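Trainee: My questions will all concern the structure given below.
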Amino acid sequence: GEDVEQSLFLSVREGDSSVINCTYTDSSSTYLYWYKQEPGAGLQLLTYIFSNMDMKQDQRLTVLLNKKDKHLSLRIADTQTGDSAIYFCAELDRGASKIIFGSGTRLSIRP
Amino acid sequence: EADIYQTPRYLVIGTGKKITLECSQTMGHDKMYWYQQDPGMELHLIHYSYGVNSTEKGDLSSESTVSRIRTEHFPLTLESARPSHTSQYLCASSQIHGETNYGYTFGSGTRLTVV
């Protein structure tokens, strides 16, 4: 079946950029997503990118998509303590009409 | 404001009790989902529904059951709770228009502890 993989942990210094990486297997995915989960809360959609795009920027967030390598990344510029959370990469499995989530990357910020 | 609501937020219950976790959405979404989330973060799809009177089992086998009698309501029931059911349960909904899918909207979750 379809699979989405991402590293489990990332630690960055406050003010630096964070880059969270993800790989996926479904080459026919039309939509790819980044979700953020803060402690004790549900998942919040941060941004999504359509498969015919290479890049999408929204304020401090930049999403890069490499379709050839099936690689998706989320860059957070000027990382703040409020960015501490778990970030989930996800792809739309069109065949099953479901979204497949990665295992999540826990981002921690050090002073 | 359109949203998705889960109640209760926290529940501590004894082994063998029957419980129902509530999920309601005001967005008119056709599709609804229940996920179980490990302490180690991974999400497991346990049930989903494509509309009224439609329910399907997800990727992870679960002893829970669901119903979808109304579009906006998708409750999850455990007939006899066990300590192994202790987890975070997340409800989500989505709408697909043709080729467009803007992702799932999630509720805040119910943290269930069975003692």
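If you're wondering about the labels, chains in the structure tokens are A, B, ... by order shown, residues count from 1 in each chain, ligands from 1 in order shown.
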Within 7 Å of Leu45 of chain B, counting only C-alpha atoms, which residues qualify if same-chain residues fewer than 2 places away don't, as a PyMOL selection string?

Mentor: chain B and resi 34-36+43+47+58-60

Trainee: How close does each residue of chain B get to chain A, giving the shortest atom pair and distance in Å to one decimal for every residue with an atom at most 8 Å away, counting only C-alpha atoms, sorted by chain and residue number, as JSON lines?

Mentor:
```
{"residue": "B:Met41", "atom": "CA", "partner": "A:Gly104", "partner_atom": "CA", "distance": 6.5}
{"residue": "B:Glu42", "atom": "CA", "partner": "A:Ser103", "partner_atom": "CA", "distance": 4.6}
{"residue": "B:Leu43", "atom": "CA", "partner": "A:Ser103", "partner_atom": "CA", "distance": 6.9}
{"residue": "B:Leu90", "atom": "CA", "partner": "A:Gly42", "partner_atom": "CA", "distance": 6.6}
{"residue": "B:Asn101", "atom": "CA", "partner": "A:Tyr31", "partner_atom": "CA", "distance": 7.3}
{"residue": "B:Tyr102", "atom": "CA", "partner": "A:Tyr48", "partner_atom": "CA", "distance": 7.6}
{"residue": "B:Gly103", "atom": "CA", "partner": "A:Leu45", "partner_atom": "CA", "distance": 7.4}
{"residue": "B:Tyr104", "atom": "CA", "partner": "A:Leu45", "partner_atom": "CA", "distance": 7.6}
{"residue": "B:Thr105", "atom": "CA", "partner": "A:Gln44", "partner_atom": "CA", "distance": 7.2}
{"residue": "B:Phe106", "atom": "CA", "partner": "A:Leu43", "partner_atom": "CA", "distance": 5.7}
{"residue": "B:Gly107", "atom": "CA", "partner": "A:Gly42", "partner_atom": "CA", "distance": 5.5}
{"residue": "B:Ser108", "atom": "CA", "partner": "A:Gly42", "partner_atom": "CA", "distance": 4.2}
{"residue": "B:Gly109", "atom": "CA", "partner": "A:Gly42", "partner_atom": "CA", "distance": 5.6}
```

Trainee: For those residues, write C-alpha atoms to a file as a short mmCIF file (atom, residue, chain, number, x, y, z; two decimals), in the first residue's frame.

Mentor:
```cif
data_model
loop_
_atom_site.label_atom_id
_atom_site.label_comp_id
_atom_site.auth_asym_id
_atom_site.auth_seq_id
_atom_site.Cartn_x
_atom_site.Cartn_y
_atom_site.Cartn_z
CA MET B 41 2.42 9.84 17.73
CA GLU B 42 1.44 7.58 14.81
CA LEU B 43 -2.17 7.86 13.58
CA LEU B 90 -9.29 11.88 16.86
CA ASN B 101 -9.40 17.91 -1.76
CA TYR B 102 -8.44 20.47 0.84
CA GLY B 103 -7.58 17.89 3.44
CA TYR B 104 -9.18 16.80 6.64
CA THR B 105 -10.50 19.00 9.43
CA PHE B 106 -9.76 17.46 12.82
CA GLY B 107 -11.48 17.75 16.16
CA SER B 108 -9.50 18.40 19.34
CA GLY B 109 -9.57 14.72 20.32
#
```

Trainee: Point out the residue among B:Met27, B:Gln6, B:Ser49, B:Thr20 with the least atom-to-atom distance to Arg68 of chain B, counting only C-alpha atoms.

Mentor: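 Going through B:Met27, B:Gln6, B:Ser49, B:Thr20 one by one, the smallest distance to Arg68 of chain B is for B:Ser49.
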
Trainee: Could you tell me how far atom CA of Tyr48 of chain B lies from atom CA of Gln88 of chain B, in Å and to one decimal?

Mentor: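 One can read the atom CA of Tyr48 of chain B to atom CA of Gln88 of chain B distance as 16.6 Å.
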
Trainee: Within 9 Å of segment 11-16 of chain A, counting only C-alpha atoms, which residues show up once you throw out same-chain ones fewer than 3 positions away? Write them as a list in words, please.

Mentor: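 Listed by chain and then number, they are Ile76, Ala77, Asp78, Thr79, Gln80, Thr81, Arg106, Leu107, Ser108, Ile109, Arg110 and Pro111 of chain A.
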
Trainee: Got time to write the residues from that selection, N, CA, C and O atoms, as a CSV table (one decimal), in the first residue's frame?

Mentor:
```
chain,number,residue,atom,x,y,z
A,76,ILE,N,10.5,26.1,7.9
A,76,ILE,CA,10.0,27.1,8.8
A,76,ILE,C,11.1,28.1,9.1
A,76,ILE,O,12.1,27.7,9.7
A,77,ALA,N,10.9,29.3,8.6
A,77,ALA,CA,12.0,30.3,8.8
A,77,ALA,C,11.8,30.9,10.2
A,77,ALA,O,10.7,31.0,10.7
A,78,ASP,N,12.9,31.4,10.8
A,78,ASP,CA,12.9,32.1,12.1
A,78,ASP,C,12.1,31.3,13.1
A,78,ASP,O,11.1,31.8,13.6
A,79,THR,N,12.5,30.1,13.4
A,79,THR,CA,11.7,29.2,14.2
A,79,THR,C,11.5,29.8,15.6
A,79,THR,O,12.5,30.2,16.2
A,80,GLN,N,10.3,29.7,16.1
A,80,GLN,CA,10.0,30.3,17.4
A,80,GLN,C,9.5,29.2,18.4
A,80,GLN,O,9.2,28.1,17.9
A,81,THR,N,9.5,29.5,19.7
A,81,THR,CA,9.1,28.4,20.6
A,81,THR,C,7.7,27.9,20.3
A,81,THR,O,7.3,26.8,20.6
A,106,ARG,N,8.6,15.2,15.5
A,106,ARG,CA,8.5,16.1,16.7
A,106,ARG,C,9.6,17.1,16.6
A,106,ARG,O,10.8,16.8,16.7
A,107,LEU,N,9.2,18.4,16.5
A,107,LEU,CA,10.1,19.5,16.4
A,107,LEU,C,10.3,20.2,17.8
A,107,LEU,O,9.3,20.6,18.4
A,108,SER,N,11.5,20.2,18.3
A,108,SER,CA,11.7,20.9,19.6
A,108,SER,C,12.7,22.0,19.3
A,108,SER,O,13.6,22.0,18.5
A,109,ILE,N,12.5,23.1,20.1
A,109,ILE,CA,13.2,24.3,19.9
A,109,ILE,C,14.1,24.5,21.2
A,109,ILE,O,13.6,24.5,22.3
A,110,ARG,N,15.4,24.8,21.0
A,110,ARG,CA,16.3,25.0,22.1
A,110,ARG,C,16.7,26.5,22.1
A,110,ARG,O,16.8,27.1,21.0
A,111,PRO,N,16.9,27.1,23.3
A,111,PRO,CA,17.2,28.5,23.3
A,111,PRO,C,18.6,28.9,22.8
A,111,PRO,O,19.4,28.0,22.6
```

Trainee: Using only C-alpha atoms, which residues sit within 8 Å of segment 15-17 of chain B once same-chain residues fewer than 6 positions away are excluded, as a PyMOL selection string?

Mentor: chain B and resi 79-83+114-115

Trainee: Determine, counting only C-alpha atoms, which protein, DNA and RNA residues have an atom within 8 Å of an atom of segment 71-73 of chain B; residues of the same chain fewer than 3 positions away are not included. Present the result as a list in words.

Mentor: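 Listing them by chain and then by number gives Glu22, Cys23, Ser24, Gln25, Thr26, Met27, Gly28, His29, Asp30, Gly51, Val52 and Arg68 of chain B.
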
Trainee: May I have the residues within 9 Å of Cys22 of chain A as a PyMOL selection string, using only C-alpha atoms and disregarding those fewer than 4 positions away in the same chain?

Mentor: chain A and resi 4-7+70-74+88-90+102

Trainee: If you keep N, CA and C atoms, can you produce a file of those selected residues as a PDB file, in the first residue's frame?

Mentor:
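Below is the file out-v2.pdb, written as the result:
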```pdb
ATOM      1  N   VAL A   4       4.064   6.858   3.661  1.00  0.00           N
ATOM      2  CA  VAL A   4       4.667   8.174   3.832  1.00  0.00           C
ATOM      3  C   VAL A   4       5.653   8.062   4.981  1.00  0.00           C
ATOM      4  N   GLU A   5       6.903   8.487   4.753  1.00  0.00           N
ATOM      5  CA  GLU A   5       7.930   8.341   5.789  1.00  0.00           C
ATOM      6  C   GLU A   5       8.562   9.687   6.123  1.00  0.00           C
ATOM      7  N   GLN A   6       8.829   9.859   7.395  1.00  0.00           N
ATOM      8  CA  GLN A   6       9.498  11.071   7.864  1.00  0.00           C
ATOM      9  C   GLN A   6      10.285  10.737   9.119  1.00  0.00           C
ATOM     10  N   SER A   7      11.313  11.518   9.388  1.00  0.00           N
ATOM     11  CA  SER A   7      12.126  11.274  10.575  1.00  0.00           C
ATOM     12  C   SER A   7      11.319  11.645  11.816  1.00  0.00           C
ATOM     13  N   LYS A  70       9.985  11.973  -5.244  1.00  0.00           N
ATOM     14  CA  LYS A  70       8.855  11.809  -4.307  1.00  0.00           C
ATOM     15  C   LYS A  70       9.267  12.293  -2.923  1.00  0.00           C
ATOM     16  N   HIS A  71       9.745  13.507  -2.891  1.00  0.00           N
ATOM     17  CA  HIS A  71      10.255  14.109  -1.676  1.00  0.00           C
ATOM     18  C   HIS A  71       9.567  15.436  -1.436  1.00  0.00           C
ATOM     19  N   LEU A  72       9.104  15.615  -0.218  1.00  0.00           N
ATOM     20  CA  LEU A  72       8.399  16.828   0.197  1.00  0.00           C
ATOM     21  C   LEU A  72       9.119  17.391   1.420  1.00  0.00           C
ATOM     22  N   SER A  73       9.275  18.700   1.463  1.00  0.00           N
ATOM     23  CA  SER A  73       9.884  19.293   2.654  1.00  0.00           C
ATOM     24  C   SER A  73       9.099  20.516   3.101  1.00  0.00           C
ATOM     25  N   LEU A  74       9.197  20.785   4.391  1.00  0.00           N
ATOM     26  CA  LEU A  74       8.586  21.974   5.002  1.00  0.00           C
ATOM     27  C   LEU A  74       9.695  22.755   5.683  1.00  0.00           C
ATOM     28  N   PHE A  88       3.039  16.493  10.714  1.00  0.00           N
ATOM     29  CA  PHE A  88       2.699  15.315   9.929  1.00  0.00           C
ATOM     30  C   PHE A  88       2.689  15.667   8.440  1.00  0.00           C
ATOM     31  N   CYS A  89       3.394  14.852   7.676  1.00  0.00           N
ATOM     32  CA  CYS A  89       3.343  14.904   6.224  1.00  0.00           C
ATOM     33  C   CYS A  89       2.227  13.951   5.788  1.00  0.00           C
ATOM     34  N   ALA A  90       1.520  14.253   4.705  1.00  0.00           N
ATOM     35  CA  ALA A  90       0.439  13.375   4.272  1.00  0.00           C
ATOM     36  C   ALA A  90       0.240  13.504   2.770  1.00  0.00           C
ATOM     37  N   GLY A 102       2.095  10.326   7.489  1.00  0.00           N
ATOM     38  CA  GLY A 102       3.356   9.841   8.010  1.00  0.00           C
ATOM     39  C   GLY A 102       3.266   9.690   9.517  1.00  0.00           C
TER      40      GLY A 102
END
```
